[in-house]
>>> print(open('target14.cif').read())   # mmCIF, C-alpha atoms
data_input
#
loop_
_atom_site.label_atom_id
_atom_site.label_comp_id
_atom_site.auth_asym_id
_atom_site.auth_seq_id
_atom_site.Cartn_x
_atom_site.Cartn_y
_atom_site.Cartn_z
CA MET A 1119 76.06 3.84 75.73
CA LYS A 1120 77.81 1.41 73.37
CA PHE A 1121 79.20 4.52 71.70
CA LEU A 1122 80.94 5.53 74.95
CA LYS A 1123 82.50 2.09 75.41
CA LYS A 1124 83.73 2.02 71.83
CA LYS A 1125 85.17 5.56 72.08
CA TYR A 1126 86.84 4.74 75.41
CA GLN A 1127 88.38 1.55 74.01
CA ASN A 1128 89.46 3.27 70.79
CA ASP A 1129 90.75 6.66 72.01
CA GLY A 1130 91.56 5.84 75.65
CA TYR A 1131 89.18 8.44 77.09
CA ILE A 1132 85.70 9.89 76.97
CA LYS A 1133 84.54 13.39 77.80
CA LEU A 1134 81.06 14.12 79.11
CA LYS A 1135 80.23 17.80 78.89
CA ASN A 1136 78.35 19.57 81.71
CA PHE A 1137 78.19 16.41 83.84
CA THR A 1138 77.84 18.38 87.09
CA SER A 1139 77.83 21.99 85.88
CA LYS A 1140 74.26 22.69 87.01
CA ASP A 1141 74.59 21.00 90.39
CA LYS A 1142 74.49 23.74 93.06
CA LYS A 1143 76.20 21.54 95.65
CA PHE A 1144 79.07 20.82 93.22
CA LYS A 1145 79.49 24.55 92.59
CA LYS A 1146 79.69 25.21 96.33
CA ILE A 1147 82.18 22.36 96.92
CA SER A 1148 84.37 23.47 94.01
CA LEU A 1149 84.47 27.03 95.27
CA SER A 1150 85.40 25.88 98.79
CA LEU A 1151 88.04 23.48 97.48
CA ASN A 1152 89.68 26.13 95.32
CA ARG A 1153 89.61 28.68 98.17
CA GLU A 1154 91.24 26.21 100.56
CA LEU A 1155 93.93 25.39 98.01
CA GLU A 1156 94.76 29.06 97.50
CA SER A 1157 94.90 29.58 101.25
CA ALA A 1158 97.19 26.55 101.71
CA ILE A 1159 99.48 27.78 98.92
CA LYS A 1160 99.91 31.13 100.68
CA LYS A 1161 100.88 29.35 103.94
CA THR A 1162 103.31 26.90 102.32
CA THR A 1163 106.86 27.19 101.10
CA ILE A 1164 105.62 25.91 97.76
CA ASN A 1165 109.02 25.87 96.06
CA LYS A 1166 110.04 23.04 98.42
CA LEU A 1167 107.28 20.71 97.21
CA GLY A 1168 107.82 17.89 94.71
CA GLY A 1169 106.60 18.93 91.28
CA TYR A 1170 107.24 22.64 91.86
CA ILE A 1171 109.96 22.99 89.20
CA ILE A 1172 107.74 21.58 86.45
CA GLY A 1173 104.65 23.21 87.94
CA ASN A 1174 102.28 20.27 88.41
CA LEU A 1175 101.60 19.21 91.99
CA ASN A 1176 99.56 16.24 93.12
CA VAL A 1177 96.92 17.40 95.57
CA TYR A 1178 94.77 15.31 97.90
CA PRO A 1179 91.30 16.94 98.05
CA GLY A 1180 90.51 15.67 101.56
CA LYS A 1181 86.83 15.69 102.54
CA TYR A 1182 85.92 17.11 99.14
CA GLY A 1183 86.86 13.86 97.39
CA PHE A 1184 84.00 11.92 99.00
CA GLN A 1185 81.58 14.80 98.53
CA ILE A 1186 82.38 15.05 94.82
CA LEU A 1187 82.21 11.27 94.38
CA ASN A 1188 78.69 11.26 95.87
CA ILE A 1189 77.62 13.95 93.39
CA LEU A 1190 79.13 11.99 90.50
CA LYS A 1191 77.27 8.88 91.62
CA LYS A 1192 74.03 10.85 91.92
CA ASN A 1193 74.54 12.00 88.32
CA GLY A 1194 74.92 8.45 86.98
CA LEU A 1195 78.64 7.70 87.17
CA ASN A 1196 78.08 4.07 88.19
CA LYS A 1197 76.03 3.36 85.05
CA ILE A 1198 78.68 4.95 82.84
CA ILE A 1199 81.49 2.94 84.48
CA LYS A 1200 79.41 -0.24 84.17
CA ASP A 1201 78.76 0.49 80.46
CA ILE A 1202 82.46 1.13 79.78
CA THR A 1203 84.11 -1.56 81.92
CA GLY A 1204 81.38 -4.10 82.66
CA LYS A 1205 82.05 -3.57 86.39
CA ASN A 1206 80.24 -1.60 89.07
CA LEU A 1207 82.01 1.42 90.49
CA ASN A 1208 82.05 -0.18 93.96
CA SER A 1209 84.21 -3.05 92.64
CA PHE A 1210 87.10 -0.58 92.25
CA ASP A 1211 89.40 0.71 94.98
CA ILE A 1212 88.80 4.44 94.87
CA LEU A 1213 91.65 6.85 95.57
CA PHE A 1214 91.25 10.62 95.50
CA GLY A 1215 93.67 13.10 94.04
CA GLY A 1216 93.96 16.12 91.84
CA ASN A 1217 96.46 18.24 90.02
CA LEU A 1218 97.45 21.80 90.79
CA SER A 1219 98.95 23.54 87.77
CA LEU A 1220 101.19 26.43 88.78
CA PRO A 1221 101.58 29.39 86.43
CA ASP A 1222 104.60 29.99 84.20
CA LYS A 1223 106.35 26.65 84.69
CA PHE A 1224 106.97 23.88 82.14
CA ASN A 1225 105.38 21.01 80.22
CA GLN A 1226 105.58 17.70 82.05
CA HIS A 1227 107.28 14.77 80.33
CA PHE A 1228 104.78 12.39 78.75
CA HIS A 1229 103.92 9.53 81.09
CA THR A 1230 101.29 6.97 82.05
CA ASP A 1231 99.73 6.52 85.48
CA GLY A 1232 100.63 2.87 85.95
CA ASP A 1233 101.85 -0.29 84.28
CA PHE A 1234 100.16 -1.54 81.13
CA ASN A 1235 98.66 -4.62 82.83
CA ASP A 1236 97.20 -2.68 85.76
CA LYS A 1237 93.42 -2.44 85.79
CA MET A 1238 92.70 1.20 86.58
CA ILE A 1239 90.67 4.04 85.22
CA LEU A 1240 90.98 7.72 86.04
CA ILE A 1241 88.06 10.05 86.50
CA ASN A 1242 88.63 13.79 86.33
CA ILE A 1243 85.97 16.39 87.05
CA ALA A 1244 86.63 20.04 86.22
CA THR A 1245 86.24 22.19 89.34
CA SER A 1246 87.07 25.21 87.17
CA ASP A 1247 87.40 25.97 83.48
CA VAL A 1248 90.54 24.57 81.85
CA ASN A 1249 91.39 26.33 78.61
CA LEU A 1250 94.46 26.23 76.36
CA ASN A 1251 95.99 29.04 78.40
CA SER A 1252 95.60 27.42 81.85
CA GLY A 1253 97.70 24.29 81.34
CA PRO A 1254 95.34 21.57 80.10
CA THR A 1255 96.26 17.91 80.03
CA GLU A 1256 97.60 16.85 76.65
CA ILE A 1257 96.89 13.25 75.67
CA VAL A 1258 98.17 11.02 72.91
CA LEU A 1259 95.15 9.38 71.33
CA LYS A 1260 95.16 5.58 71.14
CA SER A 1261 98.48 5.40 73.05
CA HIS A 1262 96.89 3.13 75.68
CA GLN A 1263 96.56 0.25 73.21
CA LYS A 1264 100.16 -1.00 73.28
CA ASN A 1265 102.62 -1.72 76.06
CA LEU A 1266 105.45 0.64 75.11
CA LYS A 1267 108.78 1.42 76.65
CA TYR A 1268 109.41 5.15 76.93
CA TRP A 1269 111.86 5.19 74.01
CA GLU A 1270 109.34 3.28 71.86
CA PHE A 1271 106.68 5.84 72.75
CA LEU A 1272 109.04 8.69 71.79
CA PHE A 1273 109.62 7.30 68.29
CA GLN A 1274 106.08 6.26 67.42
CA LYS A 1275 103.73 8.37 65.32
CA LYS A 1276 101.39 10.34 67.59
CA LYS A 1277 98.13 12.25 67.48
CA PHE A 1278 97.98 14.84 70.28
CA LYS A 1279 94.93 16.45 71.82
CA ARG A 1280 94.71 19.05 74.58
CA LEU A 1281 91.69 18.52 76.80
CA LYS A 1282 89.86 21.80 77.25
CA LEU A 1283 87.24 21.54 79.95
CA SER A 1284 84.40 23.70 81.17
CA PHE A 1285 83.38 23.68 84.80
CA GLY A 1286 81.55 20.39 85.49
CA ASP A 1287 82.91 18.46 82.49
CA LEU A 1288 83.90 14.86 83.24
CA ILE A 1289 86.80 12.93 81.72
CA ILE A 1290 87.16 9.18 82.10
CA ARG A 1291 90.46 7.86 80.80
CA SER A 1292 92.64 4.80 80.76
CA HIS A 1293 95.49 4.88 83.27
CA TYR A 1294 97.81 3.83 80.45
CA LEU A 1295 96.92 6.70 78.11
CA TRP A 1296 100.16 8.65 77.61
CA HIS A 1297 99.66 12.26 78.71
CA ARG A 1298 101.28 15.31 80.27
CA GLY A 1299 100.39 18.55 81.96
CA THR A 1300 101.12 21.58 79.78
CA ILE A 1301 102.33 25.07 80.63
CA ASN A 1302 99.86 27.20 82.57
CA LYS A 1303 100.16 30.65 80.97
CA SER A 1304 97.14 32.14 82.77
CA GLY A 1305 99.13 33.77 85.58
CA LYS A 1306 96.92 31.95 88.15
CA ASN A 1307 97.01 28.59 89.89
CA ARG A 1308 94.61 26.10 88.34
CA PHE A 1309 93.34 22.97 90.14
#
>>> encode(input="target14.cif", output="C-alpha cells")
Amino acid sequence: MKFLKKKYQNDGYIKLKNFTSKDKKFKKISLSLNRELESAIKKTTINKLGGYIIGNLNVYPGKYGFQILNILKKNGLNKIIKDITGKNLNSFDILFGGNLSLPDKFNQHFHTDGDFNDKMILINIATSDVNLNSGPTEIVLKSHQKNLKYWEFLFQKKKFKRLKLSFGDLIIRSHYLWHRGTINKSGKNRF
C-alpha cells in the first residue's frame, strides 16, 4: 500500500478499479439512487437550481450515502484511508454529496474544494459508467502541492487528465486538487 500513498501524495489522487463493481447490494443501491434522481428531475423546475447554467449540480444522496459508505467500509476503505493518511476513517467528519452532470451544458471553471490548509479528502464512487462523452471530472495532476491563487493557477504549466470510470471504480483525491466537471455530451443526465 506504500505505492498508493506515494501516488496519492504525488498526483493528488488514486483510482481503484472495480472497488464495488461485483457487490450486488451496491448495484441495487446505485440503480435506486439513479432512478430517484431521474424522478426528482422530472418533478423539479431544474433550470431554477444553482449550477443549472453550467450543468453540474451538487446532489445530496440522502439515505444512500450511509448505505454506500457501509459497503465501502466492508470492502476495505478504512485500511486504504489509514495507509494514505495515517488516520482512521472514523477520525474524519463525513459529509455526503454527489454531482449530477446535465447534458449539453458547459465545462466548469477549474476550482478546488477548499482552502489549501484544510485537511480533507474526497471519495468518489462511480454509480454508473463515466466515459469521455458523459462529462468526466478533469483534474490537473500535482496541482494540490502548492497553495496557488487562481491567477497563478491559470498561468502555471499543467498536465490534465480526464477521469474515466467504470461502475464501481473508486477515486480518492485531495480536496485541493484543481479540477472541473466537463461537458456531458451523452444526451443523458449522469450522476
>>> resolve_selection(input="target14.cif", expression="the PyMOL selection byres ((chain A and resi 1136) around 9)", output="list in words")
Leu1134, Lys1135, Phe1137, Thr1138, Ser1139, Lys1140, Ser1284, Phe1285, Gly1286, Asp1287 and Leu1288 of chain A
>>> residues_near_point(input="target14.cif", point="(88.7, 7.0, 95.7)", cutoff="8 Å", atoms="all atoms listed in the file", output="VMD selection string")
chain A and resid 1183 to 1184 1187 1211 to 1214
>>> closest_atom_pairs(input="target14.cif", of="stretch 1209-1289 of chain A", to="stretch 1153-1156 of chain A", cutoff="12 Å", atoms="all atoms listed in the file", output="CSV")
residue,atom,partner,partner_atom,distance
A:Gly1216,CA,A:Leu1155,CA,11.1
A:Asn1217,CA,A:Leu1155,CA,11.0
A:Leu1218,CA,A:Leu1155,CA,8.8
A:Ser1219,CA,A:Leu1155,CA,11.6
A:Leu1220,CA,A:Glu1156,CA,11.1
A:Thr1245,CA,A:Arg1153,CA,11.5
A:Ser1246,CA,A:Arg1153,CA,11.8
>>> write_last_selection(input="target14.cif", atoms="C-alpha atoms", output="tab-separated table (two decimals), in the frame of the given file")
chain	number	residue	atom	x	y	z
A	1216	GLY	CA	93.96	16.12	91.84
A	1217	ASN	CA	96.46	18.24	90.02
A	1218	LEU	CA	97.45	21.80	90.79
A	1219	SER	CA	98.95	23.54	87.77
A	1220	LEU	CA	101.19	26.43	88.78
A	1245	THR	CA	86.24	22.19	89.34
A	1246	SER	CA	87.07	25.21	87.17
>>> resolve_selection(input="target14.cif", expression="the PyMOL selection byres ((chain A and resi 1307) around 10)", output="ChimeraX atom specification")
/A:1152,1155-1156,1159,1173-1174,1218-1222,1252-1253,1302-1306,1308-1309
>>> axis_aligned_box(input="target14.cif", around="stretch 1205-1221 of chain A", padding_each_side="4 Å", output="JSON")
{"center_x": 90.9, "center_y": 12.9, "center_z": 91.0, "size_x": 29.3, "size_y": 41.0, "size_z": 17.2}
>>> resolve_selection(input="target14.cif", expression="the PyMOL selection byres ((chain A and resi 1248) around 6)", output="list of chain:residue names")
A:Asp1247, A:Asn1249, A:Ser1252, A:Pro1254, A:Lys1282, A:Leu1283
>>> closest_residue(input="target14.cif", among="A:Ile1239, A:Ser1157, A:Lys1260, A:Ile1147", to="A:Ile1202", atoms="all atoms listed in the file")
A:Ile1239
>>> atom_distance(input="target14.cif", atom1="atom CA of A:Val1258", atom2="atom CA of A:Trp1296")
5.6 Å
>>> atom_distance(input="target14.cif", atom1="atom CA of A:Leu1272", atom2="atom CA of A:Phe1228")
9.0 Å
>>> residues_around(input="target14.cif", residues="A:Gln1185", least_positions_apart="4", cutoff="10 Å", atoms="all atoms listed in the file", output="list in words")
Lys1143, Phe1144, Ile1147, Pro1179, Gly1180, Lys1181, Ile1189 and Leu1190 of chain A
>>> build_atoms(input="target14.cif", residues="stretch 1162-1175 of chain A", atoms="N, CA, C and O atoms", output="PDB file, in the frame of the given file")
ATOM      1  N   THR A1162     102.323  27.952 102.560  1.00  0.00           N
ATOM      2  CA  THR A1162     103.310  26.900 102.320  1.00  0.00           C
ATOM      3  C   THR A1162     104.534  27.466 101.597  1.00  0.00           C
ATOM      4  O   THR A1162     104.415  28.376 100.786  1.00  0.00           O
ATOM      5  N   THR A1163     105.674  26.895 101.895  1.00  0.00           N
ATOM      6  CA  THR A1163     106.860  27.190 101.100  1.00  0.00           C
ATOM      7  C   THR A1163     106.758  26.280  99.870  1.00  0.00           C
ATOM      8  O   THR A1163     107.314  25.184  99.832  1.00  0.00           O
ATOM      9  N   ILE A1164     106.009  26.746  98.900  1.00  0.00           N
ATOM     10  CA  ILE A1164     105.620  25.910  97.760  1.00  0.00           C
ATOM     11  C   ILE A1164     106.813  25.452  96.921  1.00  0.00           C
ATOM     12  O   ILE A1164     106.798  24.374  96.350  1.00  0.00           O
ATOM     13  N   ASN A1165     107.871  26.247  96.879  1.00  0.00           N
ATOM     14  CA  ASN A1165     109.020  25.870  96.060  1.00  0.00           C
ATOM     15  C   ASN A1165     109.802  24.697  96.645  1.00  0.00           C
ATOM     16  O   ASN A1165     110.723  24.200  96.028  1.00  0.00           O
ATOM     17  N   LYS A1166     109.403  24.216  97.811  1.00  0.00           N
ATOM     18  CA  LYS A1166     110.040  23.040  98.420  1.00  0.00           C
ATOM     19  C   LYS A1166     109.253  21.758  98.143  1.00  0.00           C
ATOM     20  O   LYS A1166     109.668  20.677  98.544  1.00  0.00           O
ATOM     21  N   LEU A1167     108.120  21.871  97.475  1.00  0.00           N
ATOM     22  CA  LEU A1167     107.280  20.710  97.210  1.00  0.00           C
ATOM     23  C   LEU A1167     107.687  20.001  95.921  1.00  0.00           C
ATOM     24  O   LEU A1167     108.089  20.636  94.942  1.00  0.00           O
ATOM     25  N   GLY A1168     107.558  18.671  95.919  1.00  0.00           N
ATOM     26  CA  GLY A1168     107.820  17.890  94.710  1.00  0.00           C
ATOM     27  C   GLY A1168     106.884  18.304  93.597  1.00  0.00           C
ATOM     28  O   GLY A1168     105.691  18.461  93.815  1.00  0.00           O
ATOM     29  N   GLY A1169     107.403  18.500  92.416  1.00  0.00           N
ATOM     30  CA  GLY A1169     106.600  18.930  91.280  1.00  0.00           C
ATOM     31  C   GLY A1169     106.649  20.423  91.043  1.00  0.00           C
ATOM     32  O   GLY A1169     106.174  20.917  90.015  1.00  0.00           O
ATOM     33  N   TYR A1170     107.232  21.173  91.978  1.00  0.00           N
ATOM     34  CA  TYR A1170     107.240  22.640  91.860  1.00  0.00           C
ATOM     35  C   TYR A1170     107.994  23.107  90.611  1.00  0.00           C
ATOM     36  O   TYR A1170     107.535  24.017  89.923  1.00  0.00           O
ATOM     37  N   ILE A1171     109.139  22.518  90.332  1.00  0.00           N
ATOM     38  CA  ILE A1171     109.960  22.990  89.200  1.00  0.00           C
ATOM     39  C   ILE A1171     109.185  22.884  87.890  1.00  0.00           C
ATOM     40  O   ILE A1171     109.154  23.824  87.103  1.00  0.00           O
ATOM     41  N   ILE A1172     108.544  21.751  87.669  1.00  0.00           N
ATOM     42  CA  ILE A1172     107.740  21.580  86.450  1.00  0.00           C
ATOM     43  C   ILE A1172     106.456  22.388  86.551  1.00  0.00           C
ATOM     44  O   ILE A1172     106.001  22.973  85.589  1.00  0.00           O
ATOM     45  N   GLY A1173     105.858  22.401  87.751  1.00  0.00           N
ATOM     46  CA  GLY A1173     104.650  23.210  87.940  1.00  0.00           C
ATOM     47  C   GLY A1173     103.363  22.418  88.045  1.00  0.00           C
ATOM     48  O   GLY A1173     102.285  22.980  87.953  1.00  0.00           O
ATOM     49  N   ASN A1174     103.467  21.107  88.227  1.00  0.00           N
ATOM     50  CA  ASN A1174     102.280  20.270  88.410  1.00  0.00           C
ATOM     51  C   ASN A1174     102.420  19.512  89.722  1.00  0.00           C
ATOM     52  O   ASN A1174     103.302  18.667  89.870  1.00  0.00           O
ATOM     53  N   LEU A1175     101.546  19.826  90.671  1.00  0.00           N
ATOM     54  CA  LEU A1175     101.600  19.210  91.990  1.00  0.00           C
ATOM     55  C   LEU A1175     100.406  18.290  92.189  1.00  0.00           C
ATOM     56  O   LEU A1175      99.270  18.662  91.875  1.00  0.00           O
TER      57      LEU A1175
END
